[in-house]
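Asker: Pasting a structure here, questions to come.
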Amino acid sequence: MGGKLLSIYETLFARYGDLHWWPAKTPYEVVVGAVLTQNTAWGNVEKAIANFGGHLAPETVAAMPVEELAEVIRPSGFFNQKAGYLKAVTAWYGKYGYDVPTVQKRPLGELRAELLETKGVGQETADSILLYAFGFPTFVVDAYTHRLCGRYPVESGKGYAAVKAHFESELPESAEVYNNFHALIVINAKEHCRKKPTCDGCPLGGGCGRVGA
């Protein structure tokens, strides 16, 4: 293993360290956050989760009328839609008795296929749930990943599946590495590799082909 991606990972890790991603008290809170963060800022997700008053649990969401759930998660935006999505993904989790070790005994490919068949769960959401809630080695690709690949550049191909496959083929098969790398890409994108980049001081500046883009 080696090459450009591992070099990028090591450079970013040297600058930012372990970011302890993803911020949540329980695996189920990660599941909820992965759904609620669709098309909104993380601050709005935190407000929605706070509305549960410390009682966010799958049993609570499963028992709550969908209209009431929508009001609770209103700060996250698209709340009627997302209430339905939360009901669906909670029902999926319910098939495993809301038990993390039971989920972890299942093959990754089967779980990912199940999640992708669940209402409101796309590839990024499915991989976020599997990686951050359950510790499976599956790489999460988002807009920041595509930006890094386009600018550096990383010849990863186009589209979610191609980029994911490229990262997984070039990196050690490790949930810890995938977790950290995704977090590092996000923080560096917010610090430097913005839509209008701030290249001065970027840890990747020495090798990036788009310095000053």
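Naming scheme: A, B, ... for chains in displayed order of the structure tokens; residues 1 onward per chain; ligands 1 onward as shown.
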When you look at Thr11 in chain A with a cut-off of 10 Å (counting only C-alpha atoms), what residues show up, excluding the ones that are within fewer than 4 positions of it in the same chain? I need them as a PyMOL selection string.

Answerer: chain A and resi 5-7+15-17+184+203-204

Asker: Emit the selected residues as a PDB file, in the first residue's frame, including C-alpha atoms.

Answerer:
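Printed below is again.pdb as written:
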ATOM      1  CA  LEU A   5      -3.537   8.934  -1.289  1.00  0.00           C
ATOM      2  CA  LEU A   6      -1.535   7.533   1.598  1.00  0.00           C
ATOM      3  CA  SER A   7       0.841  10.478   1.291  1.00  0.00           C
ATOM      4  CA  ARG A  15      -1.293  18.672  10.591  1.00  0.00           C
ATOM      5  CA  TYR A  16      -4.649  17.919  12.241  1.00  0.00           C
ATOM      6  CA  GLY A  17      -4.197  14.650  14.158  1.00  0.00           C
ATOM      7  CA  LEU A 184      -9.258  15.187   7.607  1.00  0.00           C
ATOM      8  CA  PRO A 203      -0.601  21.337   4.315  1.00  0.00           C
ATOM      9  CA  LEU A 204      -1.147  19.935   0.820  1.00  0.00           C
TER      10      LEU A 204
END

Asker: With only C-alpha atoms as the counted atoms, please give the residues lying no more than 8 Å from Ala126 in chain A, apart from itself and same-chain residues fewer than 3 positions off, as a short mmCIF file (atom, residue, chain, number, x, y, z; two decimals) with N, CA and C atoms, in the first residue's frame.

Answerer:
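Okay, this is what ended up in part-v6.cif:
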data_model
loop_
_atom_site.label_atom_id
_atom_site.label_comp_id
_atom_site.auth_asym_id
_atom_site.auth_seq_id
_atom_site.Cartn_x
_atom_site.Cartn_y
_atom_site.Cartn_z
N ARG A 112 -25.02 -3.05 3.47
CA ARG A 112 -25.02 -1.87 2.59
C ARG A 112 -26.18 -1.96 1.59
N LEU A 115 -29.41 -1.16 3.40
CA LEU A 115 -29.55 0.27 3.67
C LEU A 115 -29.90 1.04 2.40
N LEU A 116 -29.29 0.67 1.28
CA LEU A 116 -29.57 1.36 0.03
C LEU A 116 -30.99 1.11 -0.46
N VAL A 121 -32.12 6.65 2.15
CA VAL A 121 -30.71 6.32 2.39
C VAL A 121 -29.99 6.14 1.05
N GLY A 122 -29.12 7.10 0.73
CA GLY A 122 -28.27 6.99 -0.44
C GLY A 122 -26.91 6.45 -0.06
N GLN A 123 -25.99 6.50 -1.01
CA GLN A 123 -24.68 5.87 -0.78
C GLN A 123 -23.90 6.54 0.35
N ILE A 129 -23.34 5.58 8.02
CA ILE A 129 -23.93 4.74 9.06
C ILE A 129 -23.05 3.53 9.34
N LEU A 130 -22.62 2.86 8.28
CA LEU A 130 -21.85 1.63 8.45
C LEU A 130 -20.46 1.90 9.04
#

Asker: Could you pull the residues within 7 Å of Tyr152 in chain A, counting only C-alpha atoms, minus those fewer than 4 positions along the same chain, as JSON, numbers by chain?

Answerer: {"A": [148, 208, 209, 210]}

Asker: Can you check which residues of range 61-201 of chain A DSSP gives as alpha helix (DSSP H) on the backbone and send them as number ranges by chain?

Answerer: A: 61-63, 66-72, 79-94, 100-104, 108-116, 123-128, 143-151, 160-170, 175-191

Asker: Measuring atom to atom with only C-alpha atoms, identify which of A:Pro27, A:Thr138, A:Gly33, A:Ala183 is nearest to Pro101 in chain A.

Answerer: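 Nearest candidate to Pro101 in chain A out of A:Pro27, A:Thr138, A:Gly33, A:Ala183: A:Pro27.
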
Asker: Find the residues around Leu171 in chain A up to 10 Å (only C-alpha atoms counted), leave out those fewer than 2 positions away in its own chain, and share them as a PyMOL selection string.

Answerer: chain A and resi 1-6+9+139+166-169+173-174+177-178+181

Asker: For Ser156 in chain A, which residue among A:Val141, A:Ala14, A:Leu111, A:Val31 is the nearest when counting only C-alpha atoms?

Answerer: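 Counting only C-alpha atoms, the residue closest to Ser156 in chain A is A:Val141.
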
Asker: Can you work out which one of A:Asp99, A:Glu71, A:Glu110, A:Glu124 has the shortest atom-to-atom distance to Lys47 in chain A, counting only C-alpha atoms?

Answerer: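 The answer is A:Glu71, which sits nearest to Lys47 in chain A.
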
Asker: So that I can check the surroundings of Thr26 in chain A, please list as a PyMOL selection string every protein, DNA and RNA residue that reaches within 10 Å of it, counting only C-alpha atoms and ignoring chain neighbours fewer than 5 positions away.

Answerer: chain A and resi 31+56-57+133

Asker: From the options A:Trp21, A:Gln104, A:Gly94, A:Ile8, which residue's atoms come nearest to Pro153 in chain A, counting only C-alpha atoms?

Answerer: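 Closest to Pro153 in chain A, using only C-alpha atoms: A:Ile8.
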
Asker: Check the smallest atom-to-atom distance from each of A:Ala63, A:Ala189, A:Val35, A:Leu12 to Thr118 in chain A using only C-alpha atoms, then report the winner.

Answerer: A:Val35

Asker: Please indicate the distance in Å from CA of Ala162 in chain A to CA of Ala24 in chain A, rounded to one decimal place.

Answerer: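 Atom-to-atom, CA of Ala162 in chain A and CA of Ala24 in chain A are spaced 29.1 Å apart.
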
Asker: Would you work out the distance separating CA of Tyr28 in chain A from CA of Gly43 in chain A, expressed in Å to one decimal?

Answerer: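 These atoms are spaced 18.3 Å apart.
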
Asker: I want to know what sits within 6 Å of Ala48 in chain A, based on only C-alpha atoms, with residues of the same chain fewer than 3 positions away left out; could you give that as a count of residues only?

Answerer: 5

Asker: In Å, how far is it from CA of Leu19 in chain A to CA of Lys195 in chain A?

Answerer: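 If I compute the distance from CA of Leu19 in chain A to CA of Lys195 in chain A, I get 22.3 Å.
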
Asker: Could you give me, as a list in words, the residues within 7 Å of Ser128 in chain A, counting only C-alpha atoms and dropping anything in the same chain fewer than 4 positions from it?

Answerer: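 Listing them by chain and then by number gives Ala34, Glu124, Tyr132 and Val140 of chain A.
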
Asker: Closest to Phe136 in chain A among A:Gly109, A:Gly54, A:Pro197, A:Gly207, using only C-alpha atoms?

Answerer: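 Distance minimum relative to Phe136 in chain A lands on A:Gly109.
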